[in-house]
Amino acid sequence: MVPITDAEFVEFTRLVNQLTGIVLDDTKRYLIETRIGPLVDELKLSNYRSLLDLVKSGGKPALQERIIDAITTNETFFFREPGAFDLLRRRLIPKALDERTGSRSREPMRIWSAACSSGQEMYSLAISALELIGTIATERIAIDGSDISEQILARASLGAYSQFEVNRGMPANLLSKYFTATPTGFRVVDHIRAMCSFNKANLLRLGPMMHRYDVILCRNVSIYFSPAERIVLFRSLANCLIPGGALIVGSTEQVRDCESILRMVNDFPGCYYYQRI
Ligand SMILES: C[S@@+](CC[C@H](N)C(=O)[O-])C[C@H]1O[C@@H](n2cnc3c(N)ncnc32)[C@H](O)[C@@H]1O
């Protein structure tokens, strides 16, 4: 594999930041070499400079997608940080459904898994809802998933997982209830996939949204951004919530400088969250 020079590394980190908001510091040189190096080899280029020139020339737009797919970290698993799913079952789903009376009674509760990766978070949400209210959840709850990587989003919408992937967090009783066996592993049943829709979105450049959400989960993604980009992210997510709606972040993430629109709620054991004012 061709080693990356200092100048190429600096330019690459700039390009990745422009495309995704992800900040790569000097310790992440290996990340570029191991993830982008194979692309340099595949295109039979002699160095990273030639790849940068190709991307900048704009002649191959698919190359940007390849770089985004390669550089994003898609680690996820079913029922990750389980306090969030308890919070949904015990507080947020009952609250949202109680609020749907009169003319709003036919509107589904809307949940957004922002940065959904390969979909485990979305299907864990759908299963939590089905376990709580039964099959009526398919009409009363709508789950949107988005990610910046087209490749990972395609995997999410397929809803197919290996044995190894279901072993990471999916209890055996729920696996047999909500998945069918396939030659390569397991696939989420159709009525769960029908509750879910998928859209490509860069969370740092959100355009006008189709809906306002009751709940947004944006977990384990802000850690890759700069402090200034985190503020942009959380402010724009807050604007996508209905008043009183909930933003759930990862257990190592914190929302700062958004006090005028989000208030922290920390009275639920095992999961704090933020409520749209
Ligand atoms: C570590 S995964 C987290 C998945 C899931 N939320 C969880 O907590 O298990 C981070 C995801 O964020 C996505 N991502 C990174 N930058 C993004 C951006 N600017 N906009 C949208 N998604 C982004 C990546 O493609 C990746 O799938």
# chains A, B, ... in the order shown; residues from 1 in each chain; ligands from 1
>>> residues_near_ligand(ligand="ligand 1", cutoff="7 Å", atoms="only C-alpha atoms and all ligand atoms", output="MDAnalysis selection string")
chainID A and resid 20:22 72:77 80 113:118 121 146:149 152 201:204 218:221 250
>>> write_last_selection(atoms="C-alpha atoms", output="compact mmCIF listing (two decimals), in the first residue's frame")
# COMPACT_ATOMS: atom_id res chain seq x y z
CA THR A 20 -18.87 14.76 6.20
CA GLY A 21 -17.94 17.07 9.08
CA ILE A 22 -15.70 14.30 10.42
CA THR A 72 -17.31 6.63 8.00
CA THR A 73 -17.27 4.33 11.03
CA ASN A 74 -20.47 2.29 11.02
CA GLU A 75 -20.13 0.42 14.33
CA THR A 76 -23.58 -0.36 15.74
CA PHE A 77 -25.55 -3.23 17.26
CA ARG A 80 -27.14 -0.56 21.99
CA SER A 113 -32.82 7.48 13.80
CA ALA A 114 -30.36 10.12 12.57
CA ALA A 115 -27.13 8.35 11.52
CA CYS A 116 -28.79 4.94 11.51
CA SER A 117 -25.79 3.05 10.06
CA SER A 118 -26.84 -0.49 9.06
CA GLU A 121 -31.04 0.99 15.94
CA SER A 146 -30.90 8.50 7.63
CA ASP A 147 -27.18 8.28 7.09
CA ILE A 148 -24.58 10.04 4.97
CA SER A 149 -23.27 6.76 3.53
CA ILE A 152 -24.65 1.56 4.69
CA ALA A 201 -28.85 12.99 4.70
CA ASN A 202 -25.76 14.87 5.82
CA LEU A 203 -26.68 15.93 9.35
CA LEU A 204 -24.56 19.06 9.04
CA CYS A 218 -28.64 10.86 17.25
CA ARG A 219 -26.23 8.55 18.97
CA ASN A 220 -22.52 8.01 18.53
CA VAL A 221 -22.04 10.42 15.65
CA GLY A 250 -25.15 8.56 23.05
>>> select_by_dssp(residues="range 28-268 of chain A", states="alpha helix (DSSP H)", output="number ranges by chain")
A: 29-42, 48-57, 61-71, 83-87, 93-99, 120-133, 137-140, 150-158, 163-167, 172-178, 190-193, 227-238
>>> closest_residue(among="A:Phe225, A:Tyr123, A:Phe78, A:Phe186", to="Gln18 in chain A", atoms="only C-alpha atoms")
A:Phe225
>>> atom_distance(atom1="CA of Leu247 in chain A", atom2="CA of Val215 in chain A")
5.9 Å
>>> atom_distance(atom1="CA of Ala70 in chain A", atom2="CA of Glu150 in chain A")
10.9 Å
>>> closest_atom_pairs(of="range 56-96 of chain A", to="range 253-276 of chain A", cutoff="7 Å", atoms="only C-alpha atoms", output="CSV")
residue,atom,partner,partner_atom,distance
A:Gly83,CA,A:Gly270,CA,4.9
A:Ala84,CA,A:Cys271,CA,5.8
A:Leu87,CA,A:Cys271,CA,6.9
>>> write_last_selection(atoms="N, CA, C and O atoms", output="PDB file, in the first residue's frame")
ATOM      1  N   GLY A  83     -30.785   1.612  27.939  1.00  0.00           N
ATOM      2  CA  GLY A  83     -31.591   2.594  28.665  1.00  0.00           C
ATOM      3  C   GLY A  83     -32.465   3.407  27.710  1.00  0.00           C
ATOM      4  O   GLY A  83     -33.596   3.784  28.046  1.00  0.00           O
ATOM      5  N   ALA A  84     -31.964   3.669  26.505  1.00  0.00           N
ATOM      6  CA  ALA A  84     -32.726   4.478  25.539  1.00  0.00           C
ATOM      7  C   ALA A  84     -34.011   3.747  25.137  1.00  0.00           C
ATOM      8  O   ALA A  84     -35.062   4.372  24.933  1.00  0.00           O
ATOM      9  N   LEU A  87     -36.472   3.899  27.954  1.00  0.00           N
ATOM     10  CA  LEU A  87     -37.065   5.240  27.969  1.00  0.00           C
ATOM     11  C   LEU A  87     -38.196   5.322  26.935  1.00  0.00           C
ATOM     12  O   LEU A  87     -39.278   5.852  27.219  1.00  0.00           O
TER      13      LEU A  87
END
>>> residues_around(residues="Ala96 in chain A", least_positions_apart="6", cutoff="9 Å", atoms="only C-alpha atoms", output="JSON, numbers by chain")
{"A": [109, 110, 214, 245]}
>>> closest_residue(among="A:Ile93, A:Met209, A:Ala194, A:Val10", to="Arg29 in chain A", atoms="only C-alpha atoms")
A:Val10
>>> closest_residue(among="A:Ser124, A:Thr34, A:Asn47, A:Thr5", to="Leu88 in chain A", atoms="only C-alpha atoms")
A:Ser124
>>> residues_around(residues="Thr27 in chain A", least_positions_apart="6", cutoff="12 Å", atoms="only C-alpha atoms", output="number ranges by chain")
A: 9, 13, 33
>>> residues_around(residues="Tyr213 in chain A", least_positions_apart="6", cutoff="10 Å", atoms="only C-alpha atoms", output="PyMOL selection string")
chain A and resi 109-112+142-144+237-243+245-247
>>> closest_residue(among="A:Val40, A:Leu217, A:Met210, A:Ile32", to="Met122 in chain A", atoms="only C-alpha atoms")
A:Leu217
>>> residues_around(residues="Asp190 in chain A", least_positions_apart="5", cutoff="12 Å", atoms="only C-alpha atoms", output="PyMOL selection string")
chain A and resi 123+126+138+157-160+178-180+195-196
>>> closest_residue(among="A:Ile36, A:Ile223, A:Val249, A:Leu51", to="Ile68 in chain A", atoms="only C-alpha atoms")
A:Ile36
>>> select_by_dssp(residues="range 50-269 of chain A", states="strand (DSSP E)", output="PyMOL selection string")
chain A and resi 109-114+141-147+160-161+179-182+185-188+196-200+213-218+241-249+262-265
>>> closest_residue(among="A:Leu97, A:Leu52, A:Ile133, A:Leu31", to="Glu8 in chain A", atoms="only C-alpha atoms")
A:Leu52
>>> atom_distance(atom1="CA of Asp26 in chain A", atom2="CA of Arg66 in chain A")
22.0 Å
>>> decode(residues="range 201-227 of chain A", atoms="C-alpha atoms", output="PDB file, in the first residue's frame")
ATOM      1  CA  ALA A 201     -28.848  12.986   4.703  1.00  0.00           C
ATOM      2  CA  ASN A 202     -25.764  14.865   5.817  1.00  0.00           C
ATOM      3  CA  LEU A 203     -26.684  15.932   9.349  1.00  0.00           C
ATOM      4  CA  LEU A 204     -24.558  19.061   9.039  1.00  0.00           C
ATOM      5  CA  ARG A 205     -26.417  20.224   5.933  1.00  0.00           C
ATOM      6  CA  LEU A 206     -30.035  19.376   6.620  1.00  0.00           C
ATOM      7  CA  GLY A 207     -32.459  20.794   4.072  1.00  0.00           C
ATOM      8  CA  PRO A 208     -36.164  21.416   4.686  1.00  0.00           C
ATOM      9  CA  MET A 209     -37.715  18.434   6.487  1.00  0.00           C
ATOM     10  CA  MET A 210     -40.934  16.644   5.576  1.00  0.00           C
ATOM     11  CA  HIS A 211     -41.920  16.100   9.211  1.00  0.00           C
ATOM     12  CA  ARG A 212     -41.355  17.193  12.783  1.00  0.00           C
ATOM     13  CA  TYR A 213     -40.446  14.346  15.091  1.00  0.00           C
ATOM     14  CA  ASP A 214     -41.635  13.191  18.520  1.00  0.00           C
ATOM     15  CA  VAL A 215     -38.260  11.581  19.158  1.00  0.00           C
ATOM     16  CA  ILE A 216     -34.848  11.847  17.483  1.00  0.00           C
ATOM     17  CA  LEU A 217     -32.015   9.473  18.303  1.00  0.00           C
ATOM     18  CA  CYS A 218     -28.638  10.860  17.254  1.00  0.00           C
ATOM     19  CA  ARG A 219     -26.226   8.547  18.967  1.00  0.00           C
ATOM     20  CA  ASN A 220     -22.515   8.005  18.526  1.00  0.00           C
ATOM     21  CA  VAL A 221     -22.036  10.420  15.647  1.00  0.00           C
ATOM     22  CA  SER A 222     -21.360  13.857  17.188  1.00  0.00           C
ATOM     23  CA  ILE A 223     -18.151  12.378  18.651  1.00  0.00           C
ATOM     24  CA  TYR A 224     -16.642  12.587  15.161  1.00  0.00           C
ATOM     25  CA  PHE A 225     -17.369  16.331  14.765  1.00  0.00           C
ATOM     26  CA  SER A 226     -15.683  19.499  16.039  1.00  0.00           C
ATOM     27  CA  PRO A 227     -17.288  21.347  19.011  1.00  0.00           C
TER      28      PRO A 227
END
